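A short worksheet on the structure shown next.
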Amino acid sequence: MSLFNARSAGTIYKQELLRAFRTALQSILAPVLTTSLYFVVFGAAIGGQMQHGMDGVNYGAFIVPGLLLLTLLGESTSNASFGIYMPRFTGAIYELLSAPVGVAETLAGFVGAAATKSLILASIILTTATLFVDYTIVHPFYALGFILLVSASFSLFGFILGIWADSFEKLSVVPMLILMPLTFLGGTFYSIDMLPQPWRTVALANPVVYLVNGLRWTFYGKSDVSIWLSLGLTLAFLAACVALIAFIFRTGWRLRN
């Protein structure tokens with residue numbers, strides 16, 4: 001007997017991707033349009049007034065990693081949370097639990113589809129950014145690895161959120177009221193080295209600061225914090241999400257009620 005049922009995982013994965021593409025106008029076009037507006041307002045209007053850019057990098061190019069991360073965090077979390085919440089809402093979760101589908105197949109399907117959609121969006125946004133600014137990626141392989149890591153981590157986090165939520169309102173609480181403010185305050189549009197004390201120390205308590213700077217380092221080789229600290233915290237968050245999901249499936253918390 002195979003330890004991993006690839007057909008089951010593939011079926012869930014395909015179904016979730018098709019669901020995303022059926023709402024492409026909302027799930028793909030809207031984030032790209034929003035990011036384009038950020039480039040116009042911040043990159044062109046504000047960045048045009050900054051003669052020396054940020055840390056020697058053109059301001060429009062400087063905000064590319066932050067805007068990319070803003071989309072990755074929100075979309076990875078929302079896609080995965082909605083994907084697992086709908087079977088719970090409709091009662092189809094019981095068919096999934098009674099089927100010969102393990103935790104690995106379930107995660108590969110739901111989380112894999114959410115991460116894939118986020119990566120598609122990331123590719124579109126990076127392509128769109130070339131229409132507004134000239135940017136470079138100093139460490140392209142590290143950038144790809146970091147984007148994959150963030151997408152997987154927050155897709156797992158979204159999966160947990162979708163199991164925890166018992167209403168559609170709760171699904172939007174974390175992405176809109178927690179992740180988005182933390183991302184805006186996490187150095188998306190500025191370097192935290194610009195902040196006076198004690199605000200710089202306060203900013204370092206924001207976990208998104210390490211994500212933004214980790215990705216920015218892969219683009220320009222510049223970071224306000226240690227790249228190893230950024231990588232370590234991201235891996236720790238991934239491990240914590242995996243451990244919590246293992247606990248959920250072992251105990252059936254919120255899955256069977």
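Residues in the structure tokens are numbered from 1 in each chain, the chains being A, B, ... in the order shown, and ligands are numbered from 1 in the order shown.
Excluding segment 7-14 of chain A itself and any same-chain residue fewer than 2 positions from it, the protein and nucleic acid residues within 10 Å of it, counting only C-alpha atoms, are Phe4, Asn5, Glu16, Leu17, Leu18, Arg19, Ala20, Gly83, Leu96, Ala99, Pro100, Val101, Gly102, Val103, Ala104, Glu105, Thr106, Leu107, Ala108, Gly109, Phe110, Val111, Gly112, Ala113, Ala114 and Thr116 of chain A.
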Could those selected residues go to a file with N, CA, C and O atoms, as an mmCIF file, in the first residue's frame?
data_model
loop_
_atom_site.group_PDB
_atom_site.id
_atom_site.type_symbol
_atom_site.label_atom_id
_atom_site.label_comp_id
_atom_site.auth_asym_id
_atom_site.auth_seq_id
_atom_site.Cartn_x
_atom_site.Cartn_y
_atom_site.Cartn_z
ATOM 1 N N PHE A 4 1.613 7.453 0.182
ATOM 2 C CA PHE A 4 1.064 8.739 -0.256
ATOM 3 C C PHE A 4 0.166 8.502 -1.460
ATOM 4 O O PHE A 4 0.601 7.979 -2.480
ATOM 5 N N ASN A 5 -1.104 8.886 -1.344
ATOM 6 C CA ASN A 5 -2.072 8.704 -2.418
ATOM 7 C C ASN A 5 -2.040 9.925 -3.329
ATOM 8 O O ASN A 5 -2.715 10.923 -3.080
ATOM 9 N N GLU A 16 -9.226 22.767 -6.181
ATOM 10 C CA GLU A 16 -8.979 24.062 -5.565
ATOM 11 C C GLU A 16 -8.449 25.084 -6.568
ATOM 12 O O GLU A 16 -8.815 26.258 -6.524
ATOM 13 N N LEU A 17 -7.603 24.649 -7.488
ATOM 14 C CA LEU A 17 -7.103 25.570 -8.503
ATOM 15 C C LEU A 17 -8.226 26.011 -9.441
ATOM 16 O O LEU A 17 -8.309 27.182 -9.821
ATOM 17 N N LEU A 18 -9.094 25.070 -9.816
ATOM 18 C CA LEU A 18 -10.214 25.415 -10.691
ATOM 19 C C LEU A 18 -11.140 26.414 -10.011
ATOM 20 O O LEU A 18 -11.671 27.319 -10.663
ATOM 21 N N ARG A 19 -11.331 26.256 -8.708
ATOM 22 C CA ARG A 19 -12.168 27.198 -7.970
ATOM 23 C C ARG A 19 -11.567 28.596 -8.026
ATOM 24 O O ARG A 19 -12.276 29.596 -8.211
ATOM 25 N N ALA A 20 -10.246 28.674 -7.907
ATOM 26 C CA ALA A 20 -9.585 29.979 -7.957
ATOM 27 C C ALA A 20 -9.718 30.607 -9.336
ATOM 28 O O ALA A 20 -9.972 31.808 -9.465
ATOM 29 N N GLY A 83 -10.391 27.695 1.294
ATOM 30 C CA GLY A 83 -10.427 26.358 0.701
ATOM 31 C C GLY A 83 -10.872 25.281 1.675
ATOM 32 O O GLY A 83 -11.658 24.398 1.321
ATOM 33 N N LEU A 96 -14.591 13.888 3.214
ATOM 34 C CA LEU A 96 -13.135 13.897 3.136
ATOM 35 C C LEU A 96 -12.518 13.099 4.280
ATOM 36 O O LEU A 96 -11.570 12.326 4.086
ATOM 37 N N ALA A 99 -12.984 9.333 3.755
ATOM 38 C CA ALA A 99 -12.315 8.790 2.573
ATOM 39 C C ALA A 99 -10.891 8.357 2.923
ATOM 40 O O ALA A 99 -10.324 8.822 3.922
ATOM 41 N N PRO A 100 -10.317 7.479 2.116
ATOM 42 C CA PRO A 100 -8.932 7.036 2.372
ATOM 43 C C PRO A 100 -7.923 8.108 1.957
ATOM 44 O O PRO A 100 -7.096 7.912 1.076
ATOM 45 N N VAL A 101 -8.038 9.265 2.592
ATOM 46 C CA VAL A 101 -7.149 10.394 2.301
ATOM 47 C C VAL A 101 -6.471 10.803 3.598
ATOM 48 O O VAL A 101 -7.144 11.132 4.583
ATOM 49 N N GLY A 102 -5.146 10.777 3.612
ATOM 50 C CA GLY A 102 -4.408 11.102 4.823
ATOM 51 C C GLY A 102 -4.141 12.587 4.965
ATOM 52 O O GLY A 102 -4.527 13.410 4.128
ATOM 53 N N VAL A 103 -3.451 12.921 6.043
ATOM 54 C CA VAL A 103 -3.111 14.319 6.307
ATOM 55 C C VAL A 103 -2.203 14.866 5.218
ATOM 56 O O VAL A 103 -2.381 16.001 4.743
ATOM 57 N N ALA A 104 -1.241 14.066 4.774
ATOM 58 C CA ALA A 104 -0.291 14.523 3.748
ATOM 59 C C ALA A 104 -1.014 14.861 2.455
ATOM 60 O O ALA A 104 -0.737 15.890 1.825
ATOM 61 N N GLU A 105 -1.942 14.000 2.042
ATOM 62 C CA GLU A 105 -2.688 14.259 0.806
ATOM 63 C C GLU A 105 -3.572 15.498 0.940
ATOM 64 O O GLU A 105 -3.674 16.307 0.012
ATOM 65 N N THR A 106 -4.204 15.652 2.102
ATOM 66 C CA THR A 106 -5.068 16.810 2.333
ATOM 67 C C THR A 106 -4.267 18.104 2.268
ATOM 68 O O THR A 106 -4.674 19.075 1.618
ATOM 69 N N LEU A 107 -3.130 18.121 2.930
ATOM 70 C CA LEU A 107 -2.290 19.321 2.922
ATOM 71 C C LEU A 107 -1.721 19.589 1.529
ATOM 72 O O LEU A 107 -1.684 20.738 1.083
ATOM 73 N N ALA A 108 -1.286 18.531 0.848
ATOM 74 C CA ALA A 108 -0.741 18.710 -0.498
ATOM 75 C C ALA A 108 -1.782 19.309 -1.427
ATOM 76 O O ALA A 108 -1.463 20.145 -2.282
ATOM 77 N N GLY A 109 -3.036 18.894 -1.267
ATOM 78 C CA GLY A 109 -4.096 19.409 -2.112
ATOM 79 C C GLY A 109 -4.470 20.839 -1.796
ATOM 80 O O GLY A 109 -4.355 21.731 -2.640
ATOM 81 N N PHE A 110 -4.905 21.085 -0.553
ATOM 82 C CA PHE A 110 -5.386 22.416 -0.171
ATOM 83 C C PHE A 110 -4.264 23.441 -0.094
ATOM 84 O O PHE A 110 -4.338 24.528 -0.674
ATOM 85 N N VAL A 111 -3.204 23.097 0.650
ATOM 86 C CA VAL A 111 -2.103 24.042 0.842
ATOM 87 C C VAL A 111 -1.309 24.218 -0.446
ATOM 88 O O VAL A 111 -0.901 25.333 -0.794
ATOM 89 N N GLY A 112 -1.116 23.116 -1.179
ATOM 90 C CA GLY A 112 -0.390 23.203 -2.442
ATOM 91 C C GLY A 112 -1.081 24.109 -3.442
ATOM 92 O O GLY A 112 -0.442 24.901 -4.133
ATOM 93 N N ALA A 113 -2.413 24.006 -3.525
ATOM 94 C CA ALA A 113 -3.169 24.849 -4.461
ATOM 95 C C ALA A 113 -3.095 26.315 -4.054
ATOM 96 O O ALA A 113 -2.925 27.202 -4.904
ATOM 97 N N ALA A 114 -3.219 26.591 -2.748
ATOM 98 C CA ALA A 114 -3.137 27.974 -2.268
ATOM 99 C C ALA A 114 -1.760 28.567 -2.547
ATOM 100 O O ALA A 114 -1.641 29.720 -2.992
ATOM 101 N N THR A 116 0.358 27.581 -4.861
ATOM 102 C CA THR A 116 0.531 27.704 -6.311
ATOM 103 C C THR A 116 -0.108 28.984 -6.828
ATOM 104 O O THR A 116 0.472 29.716 -7.638
#
- Query: Using the chain letters and numbers from this document, which residues of segment 170-237 of chain A does DSSP assign to helix (DSSP H, G or I), as JSON, numbers by chain?
  - Reply: {"A": [170, 171, 172, 173, 174, 175, 176, 177, 178, 179, 180, 181, 182, 183, 184, 192, 193, 194, 199, 200, 201, 202, 203, 207, 208, 209, 210, 211, 212, 213, 214, 215, 216, 217, 218, 219, 220, 227, 228, 229, 230, 231, 232, 233, 234, 235, 236, 237]}
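If you measure from each of A:Thr183, A:Thr71, A:Asn206, A:Asn58 to Leu126 of chain A using only C-alpha atoms, the closest one turns out to be A:Thr71.
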- Message: Excluding segment 29-37 of chain A and its own-chain neighbours fewer than 6 positions away, which residues fall within 12 Å of it when counting only C-alpha atoms? Please give them as an MDAnalysis selection string.
- Response: chainID A and resid 20:21 23 43:45 60 63:75 117:118 120:133
- Message: List as a VMD selection string the protein and nucleic acid residues near segment 147-153 of chain A, meaning an atom at most 7 Å away when only C-alpha atoms are counted, but skip any in the same chain fewer than 2 places from it.
- Response: chain A and resid 72 76 115 118 143 to 145 155 to 157 237 to 238
Same residues, N, CA and C atoms, output as a PDB file, in the first residue's frame:
ATOM      1  N   LEU A  72       1.604  38.202  -1.172  1.00  0.00           N
ATOM      2  CA  LEU A  72       1.840  36.800  -0.806  1.00  0.00           C
ATOM      3  C   LEU A  72       1.182  36.435   0.520  1.00  0.00           C
ATOM      4  N   SER A  76      -2.039  33.981   0.190  1.00  0.00           N
ATOM      5  CA  SER A  76      -1.764  32.622   0.679  1.00  0.00           C
ATOM      6  C   SER A  76      -2.688  32.272   1.839  1.00  0.00           C
ATOM      7  N   ALA A 115      -0.716  27.785  -2.294  1.00  0.00           N
ATOM      8  CA  ALA A 115       0.641  28.275  -2.541  1.00  0.00           C
ATOM      9  C   ALA A 115       0.886  28.478  -4.039  1.00  0.00           C
ATOM     10  N   SER A 118      -0.657  31.687  -5.159  1.00  0.00           N
ATOM     11  CA  SER A 118       0.147  32.811  -4.683  1.00  0.00           C
ATOM     12  C   SER A 118       1.393  32.995  -5.535  1.00  0.00           C
ATOM     13  N   ALA A 143      15.846  34.205  -3.791  1.00  0.00           N
ATOM     14  CA  ALA A 143      14.547  34.876  -3.857  1.00  0.00           C
ATOM     15  C   ALA A 143      13.443  33.864  -4.111  1.00  0.00           C
ATOM     16  N   LEU A 144      13.657  32.964  -5.062  1.00  0.00           N
ATOM     17  CA  LEU A 144      12.656  31.932  -5.355  1.00  0.00           C
ATOM     18  C   LEU A 144      12.421  31.043  -4.144  1.00  0.00           C
ATOM     19  N   GLY A 145      13.514  30.640  -3.480  1.00  0.00           N
ATOM     20  CA  GLY A 145      13.378  29.791  -2.297  1.00  0.00           C
ATOM     21  C   GLY A 145      12.634  30.487  -1.172  1.00  0.00           C
ATOM     22  N   SER A 155       0.282  29.599   3.685  1.00  0.00           N
ATOM     23  CA  SER A 155      -0.801  28.724   3.240  1.00  0.00           C
ATOM     24  C   SER A 155      -1.152  27.735   4.353  1.00  0.00           C
ATOM     25  N   LEU A 156      -0.150  27.233   5.045  1.00  0.00           N
ATOM     26  CA  LEU A 156      -0.405  26.375   6.207  1.00  0.00           C
ATOM     27  C   LEU A 156      -1.118  27.159   7.302  1.00  0.00           C
ATOM     28  N   PHE A 157      -0.682  28.395   7.516  1.00  0.00           N
ATOM     29  CA  PHE A 157      -1.329  29.251   8.506  1.00  0.00           C
ATOM     30  C   PHE A 157      -2.794  29.507   8.125  1.00  0.00           C
ATOM     31  N   PHE A 237       8.308  29.453  12.097  1.00  0.00           N
ATOM     32  CA  PHE A 237       6.868  29.641  11.888  1.00  0.00           C
ATOM     33  C   PHE A 237       6.295  28.481  11.081  1.00  0.00           C
ATOM     34  N   LEU A 238       7.012  28.036  10.057  1.00  0.00           N
ATOM     35  CA  LEU A 238       6.584  26.887   9.257  1.00  0.00           C
ATOM     36  C   LEU A 238       6.465  25.640  10.119  1.00  0.00           C
TER      37      LEU A 238
END
